[in-house]
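Enquirer: File protein.cif follows (mmCIF, C-alpha atoms):
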data_work
loop_
_atom_site.label_atom_id
_atom_site.label_comp_id
_atom_site.auth_asym_id
_atom_site.auth_seq_id
_atom_site.Cartn_x
_atom_site.Cartn_y
_atom_site.Cartn_z
CA MET K 1 17.73 20.55 4.38
CA THR K 2 17.74 17.65 1.92
CA VAL K 3 15.70 17.46 -1.26
CA GLN K 4 13.64 14.77 0.46
CA ASN K 5 12.84 17.04 3.40
CA ASN K 6 12.05 19.91 1.03
CA PHE K 7 9.43 17.72 -0.62
CA LEU K 8 7.91 16.68 2.70
CA GLU K 9 7.82 20.23 4.02
CA SER K 10 6.41 21.72 0.83
CA LEU K 11 3.49 19.28 0.89
CA LYS K 12 2.83 19.95 4.55
CA LEU K 13 3.09 23.68 3.90
CA ILE K 14 0.30 23.42 1.34
CA GLY K 15 -1.76 21.54 3.90
CA SER K 16 -1.14 24.17 6.57
CA LYS K 17 -1.87 27.20 4.39
CA PRO K 18 -5.64 27.51 3.98
CA GLY K 19 -6.80 27.17 0.40
CA LEU K 20 -3.40 26.65 -1.23
CA GLU K 21 -4.31 23.08 -2.17
CA ARG K 22 -7.00 24.35 -4.53
CA LEU K 23 -4.53 26.53 -6.43
CA ASP K 24 -3.00 23.50 -8.17
CA SER K 25 -6.34 21.76 -8.67
CA LYS K 26 -6.74 19.68 -11.82
CA LEU K 27 -9.13 16.81 -12.28
CA GLY K 28 -8.44 13.38 -13.77
CA LEU K 29 -7.59 9.85 -12.63
CA GLU K 30 -4.41 9.22 -14.59
CA ARG K 31 -2.04 10.65 -11.92
CA ILE K 32 -3.59 8.89 -8.90
CA LYS K 33 -3.69 5.65 -10.90
CA PHE K 34 0.01 6.05 -11.73
CA LEU K 35 0.95 6.65 -8.08
CA LEU K 36 -0.97 3.63 -6.82
CA GLU K 37 0.33 1.33 -9.53
CA LYS K 38 3.88 2.35 -8.61
CA SER K 39 3.21 1.75 -4.91
CA THR K 40 1.96 -1.80 -5.71
CA VAL K 41 -0.50 -1.79 -2.79
CA ASP K 42 -3.46 -4.14 -3.04
CA TYR K 43 -6.42 -1.85 -2.40
CA GLU K 44 -8.95 -2.77 -5.09
CA LYS K 45 -10.69 -5.48 -3.05
CA ILE K 46 -11.28 -3.29 0.00
CA PRO K 47 -15.01 -2.43 0.26
CA VAL K 48 -15.67 1.30 0.00
CA VAL K 49 -18.41 3.67 1.12
CA HIS K 50 -18.09 6.62 -1.26
CA ILE K 51 -19.88 9.90 -0.59
CA ALA K 52 -20.44 12.81 -3.00
CA GLY K 53 -22.66 15.90 -2.85
CA THR K 54 -22.52 19.64 -2.34
CA ASN K 55 -22.99 19.74 1.43
CA GLY K 56 -23.20 17.14 4.18
CA LYS K 57 -20.57 14.72 2.85
CA GLY K 58 -18.40 14.88 5.95
CA SER K 59 -21.35 14.45 8.29
CA VAL K 60 -22.63 11.37 6.43
CA ALA K 61 -19.07 9.98 6.36
CA THR K 62 -18.76 10.52 10.11
CA PHE K 63 -22.10 8.88 10.87
CA ILE K 64 -21.48 5.75 8.79
CA SER K 65 -17.87 5.35 9.95
CA LYS K 66 -19.01 5.47 13.58
CA ILE K 67 -21.76 2.93 12.86
CA LEU K 68 -19.16 0.60 11.29
CA GLY K 69 -16.78 1.19 14.19
CA GLN K 70 -19.48 0.20 16.67
CA SER K 71 -19.97 -2.93 14.57
CA GLU K 72 -16.32 -3.84 15.29
CA TYR K 73 -15.01 -3.11 11.81
CA LYS K 74 -11.61 -1.53 11.24
CA VAL K 75 -12.56 1.61 9.31
CA GLY K 76 -10.32 3.78 7.15
CA PHE K 77 -11.78 7.31 7.13
CA TYR K 78 -10.76 9.91 4.50
CA VAL K 79 -12.25 13.42 4.35
CA SER K 80 -11.26 16.93 3.26
CA PRO K 81 -10.41 19.66 3.91
CA HIS K 82 -9.06 19.53 7.43
CA LEU K 83 -10.16 21.92 10.15
CA ILE K 84 -7.04 22.05 12.35
CA ASP K 85 -4.23 19.91 10.87
CA ILE K 86 -3.61 17.75 7.83
CA TYR K 87 -3.42 14.45 9.72
CA GLU K 88 -7.11 14.55 10.70
CA ARG K 89 -8.05 13.85 7.06
CA ILE K 90 -6.78 10.26 7.30
CA GLN K 91 -7.97 8.15 10.22
CA ILE K 92 -8.25 4.52 11.31
CA LYS K 93 -10.46 3.71 14.28
CA ASP K 94 -10.94 7.43 14.99
CA LYS K 95 -7.17 8.02 15.28
CA ASN K 96 -5.32 10.36 12.92
CA ILE K 97 -2.53 8.96 10.80
CA PRO K 98 0.70 9.31 12.85
CA PRO K 99 3.03 11.99 11.42
CA ASN K 100 5.87 9.50 11.01
CA GLU K 101 3.64 7.15 8.97
CA PHE K 102 2.47 10.10 6.87
CA ASP K 103 6.07 11.19 6.21
CA LYS K 104 7.19 7.65 5.37
CA ILE K 105 4.55 7.18 2.67
CA LEU K 106 5.05 10.72 1.40
CA SER K 107 8.79 10.02 1.05
CA GLU K 108 8.04 6.98 -1.10
CA LEU K 109 5.67 8.97 -3.30
CA LYS K 110 8.29 11.65 -3.95
CA TYR K 111 10.09 9.45 -6.48
CA TYR K 112 6.87 8.44 -8.24
CA CYS K 113 5.87 12.12 -8.47
CA GLU K 114 9.19 12.98 -10.07
CA GLU K 115 8.73 10.13 -12.56
CA ALA K 116 5.16 11.22 -13.37
CA GLU K 117 6.28 14.81 -13.91
CA LYS K 118 8.54 13.67 -16.77
CA LEU K 119 5.68 11.93 -18.59
CA LYS K 120 3.71 14.27 -20.88
CA ASN K 121 0.52 12.20 -20.70
CA ILE K 122 0.50 12.24 -16.88
CA GLY K 123 2.31 15.21 -15.35
CA SER K 124 2.94 16.28 -11.79
CA PRO K 125 0.38 14.99 -9.23
CA THR K 126 -1.53 17.60 -7.23
CA PHE K 127 -1.57 18.02 -3.46
CA PHE K 128 -4.98 16.33 -3.20
CA GLU K 129 -3.92 13.42 -5.41
CA ILE K 130 -0.83 12.83 -3.28
CA LEU K 131 -2.90 13.00 -0.11
CA THR K 132 -5.46 10.58 -1.56
CA ALA K 133 -2.64 8.19 -2.50
CA ILE K 134 -1.24 8.41 1.05
CA SER K 135 -4.65 7.53 2.50
CA ILE K 136 -5.20 4.52 0.23
CA ILE K 137 -1.67 3.18 0.75
CA TYR K 138 -2.00 3.62 4.52
CA PHE K 139 -5.40 1.90 4.64
CA ALA K 140 -4.21 -1.00 2.47
CA ARG K 141 -1.07 -1.60 4.52
CA LYS K 142 -3.02 -1.45 7.78
CA LYS K 143 -5.51 -3.94 6.32
CA VAL K 144 -8.69 -2.00 7.08
CA ASP K 145 -11.98 -3.85 6.68
CA ILE K 146 -13.63 -0.97 4.84
CA ILE K 147 -12.86 2.56 3.59
CA VAL K 148 -15.24 5.48 4.08
CA SER K 149 -14.21 8.23 1.66
CA GLU K 150 -15.63 11.65 0.96
CA VAL K 151 -15.20 13.02 -2.56
CA GLY K 152 -12.86 16.01 -2.77
CA LEU K 153 -14.44 17.90 -5.68
CA GLY K 154 -17.20 16.72 -8.01
CA GLY K 155 -16.94 12.96 -8.37
CA ARG K 156 -16.37 11.59 -11.86
CA LEU K 157 -12.81 12.91 -12.18
CA ASP K 158 -12.01 13.27 -8.48
CA ALA K 159 -8.93 11.38 -7.27
CA THR K 160 -11.04 9.37 -4.81
CA ASN K 161 -12.94 7.86 -7.75
CA ILE K 162 -10.05 5.44 -8.19
CA LEU K 163 -11.82 3.55 -5.39
CA ASN K 164 -14.50 1.01 -6.21
CA GLY K 165 -17.45 2.20 -4.13
CA LYS K 166 -20.01 -0.40 -3.08
CA ALA K 167 -22.34 1.71 -0.92
CA ILE K 168 -22.68 5.12 -2.57
CA ALA K 169 -24.23 8.30 -1.19
CA ILE K 170 -25.19 11.45 -3.10
CA THR K 171 -26.06 13.84 -0.29
CA ASN K 172 -27.58 16.85 -2.08
CA ILE K 173 -27.00 19.09 -5.07
CA SER K 174 -26.67 22.87 -5.03
CA TYR K 175 -24.52 25.49 -6.76
CA ASP K 176 -20.80 25.39 -5.98
CA HIS K 177 -17.65 25.15 -8.13
CA GLN K 178 -19.73 25.90 -11.24
CA ASP K 179 -16.57 26.74 -13.21
CA ILE K 180 -15.56 23.09 -12.90
CA LEU K 181 -18.79 21.14 -12.43
CA GLY K 182 -21.28 23.02 -14.61
CA ASN K 183 -23.82 25.81 -14.36
CA THR K 184 -26.96 23.77 -13.76
CA LYS K 185 -27.89 21.37 -10.98
CA GLU K 186 -28.35 18.67 -13.60
CA GLN K 187 -24.78 19.10 -14.86
CA ILE K 188 -23.46 19.10 -11.29
CA LEU K 189 -25.41 15.93 -10.46
CA ILE K 190 -24.03 14.12 -13.50
CA GLU K 191 -20.47 14.92 -12.38
CA LYS K 192 -21.13 13.81 -8.80
CA ALA K 193 -22.97 10.66 -9.89
CA GLY K 194 -19.81 9.65 -11.73
CA ILE K 195 -18.76 7.79 -8.56
CA ILE K 196 -21.55 5.23 -9.06
CA LYS K 197 -20.04 1.87 -10.02
CA LYS K 198 -21.35 -1.42 -11.32
CA ASP K 199 -22.86 -3.59 -8.56
CA SER K 200 -23.08 -0.67 -6.13
CA LYS K 201 -26.13 0.58 -4.22
CA VAL K 202 -27.00 4.27 -4.04
CA SER K 203 -28.54 6.23 -1.16
CA SER K 204 -29.46 9.84 -1.85
CA CYS K 205 -30.96 12.90 -0.17
CA ILE K 206 -31.20 15.01 -3.33
CA ASP K 207 -34.27 17.14 -4.01
CA LEU K 208 -36.99 15.07 -5.62
CA GLU K 209 -36.96 17.40 -8.65
CA LEU K 210 -33.58 15.87 -9.57
CA ALA K 211 -34.64 12.33 -8.75
CA PRO K 212 -35.68 11.36 -12.34
CA LEU K 213 -32.18 12.20 -13.63
CA LEU K 214 -30.48 10.21 -10.87
CA GLU K 215 -32.93 7.34 -11.45
CA ASN K 216 -31.96 7.26 -15.13
CA ILE K 217 -28.24 7.27 -14.27
CA CYS K 218 -28.75 4.37 -11.86
CA LYS K 219 -30.93 2.52 -14.36
CA ASP K 220 -28.23 2.87 -17.03
CA LYS K 221 -25.70 1.37 -14.60
CA ASN K 222 -28.19 -1.25 -13.41
CA VAL K 223 -27.87 -0.29 -9.73
CA PRO K 224 -30.64 0.24 -7.15
CA LEU K 225 -31.40 3.74 -5.86
CA TYR K 226 -32.86 4.57 -2.44
CA LEU K 227 -34.24 8.09 -2.14
CA PHE K 228 -34.91 10.07 1.02
CA ASN K 229 -38.64 10.86 1.39
CA ARG K 230 -39.46 8.01 -0.96
CA ASP K 231 -37.64 4.83 0.08
CA PHE K 232 -36.58 5.96 3.55
CA ASN K 233 -37.74 8.86 5.69
CA THR K 234 -37.66 10.45 9.14
CA ILE K 235 -40.00 12.06 11.62
CA GLN K 236 -38.35 14.91 13.52
CA LYS K 237 -39.01 14.70 17.27
CA LYS K 238 -36.67 17.27 18.82
CA ILE K 239 -33.92 19.71 17.86
CA SER K 240 -31.94 21.55 20.53
CA PHE K 241 -28.38 22.54 21.42
CA GLU K 242 -28.06 19.09 23.01
CA GLY K 243 -28.67 17.42 19.66
CA SER K 244 -31.56 15.96 17.68
CA VAL K 245 -34.07 13.12 18.06
CA PHE K 246 -35.97 11.43 15.22
CA ASP K 247 -37.69 8.27 14.01
CA TYR K 248 -36.30 6.44 10.97
CA HIS K 249 -38.37 4.33 8.62
CA SER K 250 -37.52 2.24 5.55
CA ASN K 251 -38.68 -1.03 4.01
CA GLU K 252 -36.14 -2.82 6.22
CA ASN K 253 -36.36 -1.02 9.55
CA LEU K 254 -38.31 1.21 11.90
CA PHE K 255 -36.14 2.87 14.55
CA LYS K 256 -37.87 5.04 17.14
CA ASP K 257 -36.26 7.95 19.01
CA VAL K 258 -32.84 7.83 17.36
CA LYS K 259 -30.49 10.33 19.07
CA ILE K 260 -27.63 12.30 17.53
CA LYS K 261 -25.41 15.01 19.02
CA MET K 262 -25.21 16.96 15.80
CA ILE K 263 -27.70 19.81 15.59
CA GLY K 264 -30.33 20.61 12.97
CA LYS K 265 -32.85 18.98 10.66
CA HIS K 266 -30.18 18.71 7.97
CA GLN K 267 -28.16 16.49 10.31
CA ILE K 268 -31.22 14.29 10.80
CA THR K 269 -31.31 13.90 7.01
CA ASN K 270 -27.57 13.13 6.94
CA ALA K 271 -28.00 10.54 9.70
CA ALA K 272 -30.88 8.94 7.78
CA CYS K 273 -28.66 8.69 4.72
CA ALA K 274 -26.01 6.96 6.84
CA ILE K 275 -28.56 4.47 8.20
CA ASN K 276 -29.62 3.69 4.64
CA LEU K 277 -25.98 3.17 3.69
CA ALA K 278 -25.71 0.74 6.62
CA GLU K 279 -28.72 -1.15 5.25
CA SER K 280 -26.96 -1.44 1.89
CA LEU K 281 -23.82 -2.72 3.61
CA VAL K 282 -25.87 -5.40 5.38
CA SER K 283 -27.00 -6.62 1.96
CA PHE K 284 -23.31 -6.86 1.01
CA GLY K 285 -22.63 -9.13 4.00
CA PHE K 286 -21.66 -6.65 6.73
CA LYS K 287 -23.00 -7.44 10.20
CA ILE K 288 -24.60 -4.25 11.49
CA ASN K 289 -27.42 -4.31 14.03
CA GLU K 290 -29.76 -1.69 15.47
CA GLU K 291 -27.67 -1.26 18.62
CA SER K 292 -24.54 -0.47 16.54
CA ILE K 293 -26.49 2.04 14.47
CA ARG K 294 -27.87 3.81 17.53
CA LYS K 295 -24.52 3.88 19.36
CA GLY K 296 -22.62 4.97 16.28
CA LEU K 297 -24.97 7.85 15.54
CA LYS K 298 -24.96 9.01 19.17
CA LYS K 299 -21.16 9.06 19.27
CA SER K 300 -20.81 11.02 16.02
CA ILE K 301 -19.29 14.49 16.22
CA TRP K 302 -18.09 16.42 13.16
CA PRO K 303 -16.17 19.47 14.46
CA GLY K 304 -17.14 22.87 13.09
CA ARG K 305 -20.64 21.91 12.02
CA PHE K 306 -23.09 24.03 14.02
CA GLN K 307 -20.95 23.32 17.04
CA LEU K 308 -21.37 24.90 20.46
CA LEU K 309 -17.84 25.77 21.61
CA LYS K 310 -18.69 27.65 24.80
CA LYS K 311 -21.88 28.39 26.70
CA ASP K 312 -21.09 31.64 28.53
CA PRO K 313 -20.68 33.70 26.51
CA MET K 314 -22.12 31.45 23.83
CA ILE K 315 -19.67 30.81 20.96
CA LEU K 316 -20.84 28.83 17.96
CA VAL K 317 -19.02 27.78 14.80
CA ASP K 318 -20.44 26.54 11.53
CA VAL K 319 -18.23 26.14 8.46
CA ALA K 320 -21.06 26.73 5.97
CA HIS K 321 -19.30 28.15 2.92
CA ASN K 322 -21.82 28.31 0.07
CA VAL K 323 -25.32 29.74 -0.26
CA ALA K 324 -27.10 26.43 0.31
CA GLY K 325 -25.02 25.70 3.40
CA VAL K 326 -25.53 29.19 4.83
CA LYS K 327 -29.29 28.96 4.21
CA THR K 328 -29.34 25.72 6.19
CA LEU K 329 -27.36 27.49 8.92
CA SER K 330 -29.72 30.46 9.10
CA ASP K 331 -32.77 28.18 9.12
CA THR K 332 -31.31 26.07 11.95
CA PHE K 333 -30.16 29.13 13.88
CA ASN K 334 -33.51 30.85 13.68
CA GLU K 335 -35.32 27.66 14.63
CA LEU K 336 -33.29 27.42 17.83
CA ILE K 337 -32.90 31.11 18.68
CA SER K 338 -35.72 33.62 18.54
CA ASP K 339 -33.77 36.84 19.14
CA SER K 340 -31.19 38.68 17.04
CA LYS K 341 -28.57 39.08 19.80
CA THR K 342 -25.79 37.63 17.69
CA LEU K 343 -22.47 38.99 16.45
CA LEU K 344 -21.28 37.40 13.21
CA LEU K 345 -17.59 36.79 12.50
CA VAL K 346 -17.27 36.07 8.80
CA GLY K 347 -14.66 35.33 6.15
CA ILE K 348 -15.61 33.94 2.73
CA SER K 349 -13.58 32.23 0.01
CA ILE K 350 -13.01 34.39 -3.04
CA ASP K 351 -14.68 31.95 -5.46
CA LYS K 352 -18.01 31.86 -3.60
CA ASP K 353 -21.22 33.83 -4.08
CA LEU K 354 -20.29 36.64 -1.67
CA GLU K 355 -23.57 38.51 -2.02
CA GLY K 356 -25.72 35.42 -1.67
CA ILE K 357 -23.89 34.31 1.47
CA LEU K 358 -23.93 37.74 3.14
CA ALA K 359 -27.60 38.28 2.29
CA GLU K 360 -28.47 34.96 3.92
CA LEU K 361 -26.37 35.69 7.01
CA SER K 362 -28.16 39.01 7.47
CA LYS K 363 -31.25 36.97 8.40
CA ILE K 364 -29.42 36.01 11.60
CA SER K 365 -28.08 39.41 12.66
CA LYS K 366 -27.30 42.91 11.40
CA ARG K 367 -23.99 43.09 13.31
CA ILE K 368 -20.99 41.64 11.49
CA VAL K 369 -17.20 41.54 11.81
CA LEU K 370 -15.42 40.76 8.54
CA THR K 371 -12.03 39.15 8.13
CA THR K 372 -9.89 37.48 5.47
CA LEU K 373 -7.14 34.91 5.00
CA PRO K 374 -5.12 35.27 1.77
CA PRO K 375 -4.80 33.81 -0.77
CA ARG K 376 -8.04 31.86 -0.50
CA CYS K 377 -10.43 34.39 1.01
CA ALA K 378 -12.10 37.47 -0.44
CA SER K 379 -10.54 40.81 0.48
CA ILE K 380 -11.94 43.07 3.18
CA ASN K 381 -12.83 45.69 0.54
CA SER K 382 -14.81 43.15 -1.50
CA LEU K 383 -16.73 41.99 1.56
CA GLU K 384 -17.38 45.50 2.89
CA SER K 385 -18.77 46.77 -0.41
CA ILE K 386 -21.46 44.08 -0.30
CA ALA K 387 -22.00 43.90 3.47
CA LYS K 388 -23.07 47.55 3.68
CA LYS K 389 -26.24 46.61 1.75
CA TYR K 390 -27.31 44.14 4.42
CA PHE K 391 -25.76 45.05 7.78
CA SER K 392 -26.21 48.10 10.00
CA GLU K 393 -22.94 47.65 11.91
CA ILE K 394 -19.74 46.50 10.21
CA ASN K 395 -16.20 46.15 11.56
CA SER K 396 -13.27 44.65 9.70
CA PHE K 397 -9.88 43.10 10.56
CA GLU K 398 -7.30 41.68 8.18
CA ASP K 399 -6.19 39.11 10.76
CA PRO K 400 -8.83 36.57 11.89
CA LEU K 401 -7.37 36.32 15.39
CA ASN K 402 -7.59 40.08 15.85
CA ALA K 403 -11.16 39.88 14.56
CA PHE K 404 -11.99 37.19 17.11
CA ASP K 405 -10.40 39.13 19.98
CA TYR K 406 -12.38 42.23 18.99
CA CYS K 407 -15.59 40.20 18.97
CA MET K 408 -14.96 38.79 22.43
CA SER K 409 -14.23 42.26 23.80
CA ASN K 410 -17.31 43.80 22.20
CA LEU K 411 -20.07 41.29 22.83
CA LYS K 412 -23.08 43.01 24.30
CA SER K 413 -24.93 41.66 27.32
CA GLY K 414 -26.63 38.38 26.38
CA GLU K 415 -25.09 38.41 22.90
CA ARG K 416 -23.57 35.31 21.30
CA LEU K 417 -20.81 34.93 18.70
CA LEU K 418 -21.20 32.92 15.50
CA ILE K 419 -18.06 32.16 13.46
CA THR K 420 -18.92 31.15 9.89
CA GLY K 421 -18.47 31.59 6.13
CA SER K 422 -15.25 29.65 5.56
CA ILE K 423 -13.72 26.44 6.88
CA TYR K 424 -10.29 28.03 6.42
CA VAL K 425 -11.05 31.07 8.59
CA ALA K 426 -12.91 28.97 11.17
CA GLY K 427 -10.06 26.48 11.45
CA TYR K 428 -7.49 29.27 11.74
CA ILE K 429 -9.41 30.85 14.63
CA LEU K 430 -10.20 27.56 16.39
CA LYS K 431 -6.54 26.56 16.27
CA GLY K 432 -5.16 30.01 17.06
CA ARG K 433 -7.38 30.45 20.13
CA ASN K 434 -7.50 26.77 21.13
CA LEU K 435 -11.28 26.78 21.03
CA LEU K 436 -11.77 23.09 20.31
CA GLY K 437 -9.60 22.19 23.29
CA ASN K 438 -11.20 24.70 25.62
CA ARG K 439 -14.91 23.96 25.48
CA LYS K 440 -16.97 24.76 28.59
#
Show me this structure written as structure tokens.

Expert:
Amino acid sequence: MTVQNNFLESLKLIGSKPGLERLDSKLGLERIKFLLEKSTVDYEKIPVVHIAGTNGKGSVATFISKILGQSEYKVGFYVSPHLIDIYERIQIKDKNIPPNEFDKILSELKYYCEEAEKLKNIGSPTFFEILTAISIIYFARKKVDIIVSEVGLGGRLDATNILNGKAIAITNISYDHQDILGNTKEQILIEKAGIIKKDSKVSSCIDLELAPLLENICKDKNVPLYLFNRDFNTIQKKISFEGSVFDYHSNENLFKDVKIKMIGKHQITNAACAINLAESLVSFGFKINEESIRKGLKKSIWPGRFQLLKKDPMILVDVAHNVAGVKTLSDTFNELISDSKTLLLVGISIDKDLEGILAELSKISKRIVLTTLPPRCASINSLESIAKKYFSEINSFEDPLNAFDYCMSNLKSGERLLITGSIYVAGYILKGRNLLGNRK
């Protein structure tokens, strides 16, 4: 195997091993800037929708990209992490980057990475920075009309912040990655709001208690801010396993009976944020009408987000992985299901609030199967020591596929299975048991 192939395979290995990409995490824009300058692609004039926040980023990105697609725009879509394979992170017109295109750009970047590594003031680019560079180079060469990009971590120093966002979304703020972003919601918001650029417009679904801080940030940058439940709002009409229905209202529009396939009141909020982003894009000259908005929202699916995989027996997956996300999951679950006939299959990343997550999950059921996926996930012993405080029946398996097989063999009559706690564990099970390709 050549040195070139070693480089390609090592990067793809990181992408295929859950959580390894975070092990080399370091924030800053100098390395991504170096890579893009070396590549000489012209990307700076491409309009960008940039989305930061603790939860909901991928859903908002999916909604707005589908709206733009229905408006006949060529959309470059960049999200992370992936659920099944690395190529799904980079898409144009709903199609993953072809592996040969990925490898071609990655081969070019190899030499720039080696050059950067020799420079003390720059250093070796990280996995996420290389992946971000691949996405931007790919989008620029394919001449996309617009890029929709989710922030990887934080915002201010995230590699995606090399992009010049025009329509900006801050979805919500809760506690996650405090070791990097800060120990208060205010500190976390400041980091995430670092993606706000001059001449941009900001849509946000943050709690109104944080609104004054975000208003001051926007005022300092002289950009308008549109807040959910102040400048735009929704009326929930229906939530079921078939999806959700709501009315949307802003100063610009009133849309009645908007339909989405994604489930839960939080997805209604995310869809509203996407509609507001579309309104901002219209003010920037994009041609987006009500029909495109409705069709785009209705076509939006974001795999792994309160998703019904199978009806009989019922198998659900939700990749909620922090306390705020799991609380939203338990609220949605208990709104739709009145009984406790649920078996939980759970793995949790080692850097999360294990007790907070398990305590919240115990509101759904007292039966749990624990699993892990090194090096990213917490050990079985760590999970068991906490779970015994909240659950009456606990079983554990080191291998997630064995855990899933046990669950399927031990579901009681009328019981459903919920896979949750970690996107890495969920993706491993969905891929290993072909659950996304075998929905009934």

Enquirer: Check which residues satisfy the PyMOL selection byres ((chain K and resi 213) around 12) in the file shown, then give them as a PyMOL selection string.

Expert: chain K and resi 185-190+193+206-212+214-220+225

Enquirer: Taking the file as I've supplied it (selection: the PyMOL selection byres ((chain K and resi 173) around 6)), which residues are included? Please answer as a PDB file with C-alpha atoms, keeping the file's coordinate frame.

Expert:
ATOM      1  CA  GLY K  53     -22.660  15.900  -2.850  1.00  0.00           C
ATOM      2  CA  THR K  54     -22.520  19.640  -2.340  1.00  0.00           C
ATOM      3  CA  ASN K 172     -27.580  16.850  -2.080  1.00  0.00           C
ATOM      4  CA  SER K 174     -26.670  22.870  -5.030  1.00  0.00           C
TER       5      SER K 174
END

Enquirer: Since I can't run it myself right now, could you work out what the PyMOL selection byres ((chain K and resi 164) around 10) selects here and report it as a list of chain:residue names?

Expert: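 That expression, the PyMOL selection byres ((chain K and resi 164) around 10), corresponds here to K:Tyr43, K:Glu44, K:Lys45, K:Ile46, K:Pro47, K:Val48, K:Val49, K:His50, K:Thr160, K:Asn161, K:Ile162, K:Leu163, K:Gly165, K:Lys166, K:Ala167, K:Ile168, K:Ile195, K:Ile196, K:Lys197, K:Lys198, K:Asp199, K:Ser200.
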
Enquirer: For region 140-152 of chain K, list every protein, DNA or RNA residue within 7 Å, evaluated using only C-alpha atoms, and leave out those in the same chain fewer than 5 positions away; present the list as number ranges by chain.

Expert: K: 41-43, 46-52, 57-58, 61, 65, 73-80, 158, 160

Enquirer: Any chance you could tabulate, as a Markdown table, the residues of region 204-244 of chain K at most 10 Å from region 254-278 of chain K with each one's nearest atom pair and distance in Å to one decimal, using all atoms listed in the file, in chain and rising number order?

Expert:
| residue | atom | partner | partner_atom | distance |
| --- | --- | --- | --- | --- |
| K:Ser204 | CA | K:Cys273 | CA | 6.7 |
| K:Cys205 | CA | K:Cys273 | CA | 6.9 |
| K:Tyr226 | CA | K:Asn276 | CA | 7.8 |
| K:Leu227 | CA | K:Cys273 | CA | 8.9 |
| K:Phe228 | CA | K:Cys273 | CA | 7.4 |
| K:Asn229 | CA | K:Thr269 | CA | 9.7 |
| K:Asp231 | CA | K:Asn276 | CA | 9.3 |
| K:Phe232 | CA | K:Asn276 | CA | 7.4 |
| K:Asn233 | CA | K:Ala272 | CA | 7.2 |
| K:Thr234 | CA | K:Ala272 | CA | 7.1 |
| K:Ile235 | CA | K:Ile268 | CA | 9.1 |
| K:Gln236 | CA | K:Lys265 | CA | 7.4 |
| K:Lys237 | CA | K:Asp257 | CA | 7.5 |
| K:Lys238 | CA | K:Lys265 | CA | 9.2 |
| K:Ile239 | CA | K:Gly264 | CA | 6.1 |
| K:Ser240 | CA | K:Ile263 | CA | 6.7 |
| K:Phe241 | CA | K:Ile263 | CA | 6.5 |
| K:Glu242 | CA | K:Lys261 | CA | 6.3 |
| K:Gly243 | CA | K:Lys261 | CA | 4.1 |
| K:Ser244 | CA | K:Ile260 | CA | 5.4 |

Enquirer: Around all of region 396-400 of chain K's listed atoms, make the axis-aligned box with 3 Å on each side and tell me centre and edge lengths in Å to one decimal, as AutoDock Vina command-line options.

Expert:
--center_x -9.7 --center_y 40.6 --center_z 10.0 --size_x 13.1 --size_y 14.1 --size_z 9.7

Enquirer: To one decimal place, how far is CA of Gly414 (chain K) from CA of Leu373 (chain K) in Å?

Expert: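 Separation between CA of Gly414 (chain K) and CA of Leu373 (chain K): 29.1 Å.
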
Enquirer: To one decimal in Å, tell me the separation between CA of Arg294 (chain K) and CA of Val60 (chain K).

Expert: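 According to the coordinates, CA of Arg294 (chain K) and CA of Val60 (chain K) are separated by 14.4 Å.
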
Enquirer: Mind checking which residues fall within 10 Å of Glu355 (chain K), counting only C-alpha atoms, ignoring those fewer than 5 positions away in the same chain, and posting them as JSON, numbers by chain?

Expert: {"K": [323, 360, 361, 382, 383, 385, 386, 387, 389, 390]}

Enquirer: Restricting the calculation to all atoms listed in the file: of K:Trp302, K:Ala159, K:Gly194, K:Gly28, which residue gets closest to Thr62 (chain K)?

Expert: K:Trp302

Enquirer: State, in Å with one decimal place, the distance from CA of His249 (chain K) to CA of Glu290 (chain K).

Expert: 12.5 Å

Enquirer: Give the answer as one residue: which of K:Lys366, K:Lys201, K:Lys118, K:His82 has the shortest atom-to-atom distance to Phe284 (chain K), using all atoms listed in the file?

Expert: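 Going through K:Lys366, K:Lys201, K:Lys118, K:His82 one by one, the smallest distance to Phe284 (chain K) is for K:Lys201.
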
Enquirer: I'd like to know which of K:Ser396, K:Ile293, K:Asp331, K:Phe127 is closest to Tyr248 (chain K), using all atoms listed in the file.

Expert: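 Using all atoms listed in the file, the shortest distance to Tyr248 (chain K) belongs to K:Ile293.
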
Enquirer: Looking at K:Gly432, K:Gly325, K:Pro400, K:Pro125, which one is nearest to Lys110 (chain K), with distances taken over all atoms listed in the file?

Expert: K:Pro125

Enquirer: Which one is closest to Ala320 (chain K): K:Gly285, K:Gly56, K:Gly69, K:Gly154? Count only C-alpha atoms.

Expert: K:Gly56

Enquirer: Near Ile357 (chain K), within 8 Å and counting only C-alpha atoms, which residues show up once chain neighbours fewer than 5 positions away are dropped, as a PDB file with C-alpha atoms, in the frame of the given file?

Expert:
ATOM      1  CA  HIS K 321     -19.300  28.150   2.920  1.00  0.00           C
ATOM      2  CA  ASN K 322     -21.820  28.310   0.070  1.00  0.00           C
ATOM      3  CA  VAL K 323     -25.320  29.740  -0.260  1.00  0.00           C
ATOM      4  CA  VAL K 326     -25.530  29.190   4.830  1.00  0.00           C
ATOM      5  CA  GLY K 421     -18.470  31.590   6.130  1.00  0.00           C
TER       6      GLY K 421
END

Enquirer: Could you tell me which of K:Ile301, K:Ile364, K:Leu157, K:Ile419 comes closest to Thr332 (chain K) if we count all atoms listed in the file?

Expert: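 Going through K:Ile301, K:Ile364, K:Leu157, K:Ile419 one by one, the smallest distance to Thr332 (chain K) is for K:Ile364.
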
Enquirer: Leaving out Met314 (chain K) and any residue of its chain fewer than 4 positions from it, which residues lie within 9 Å of it when counting only C-alpha atoms, given as a PyMOL selection string?

Expert: chain K and resi 308-310+414-418
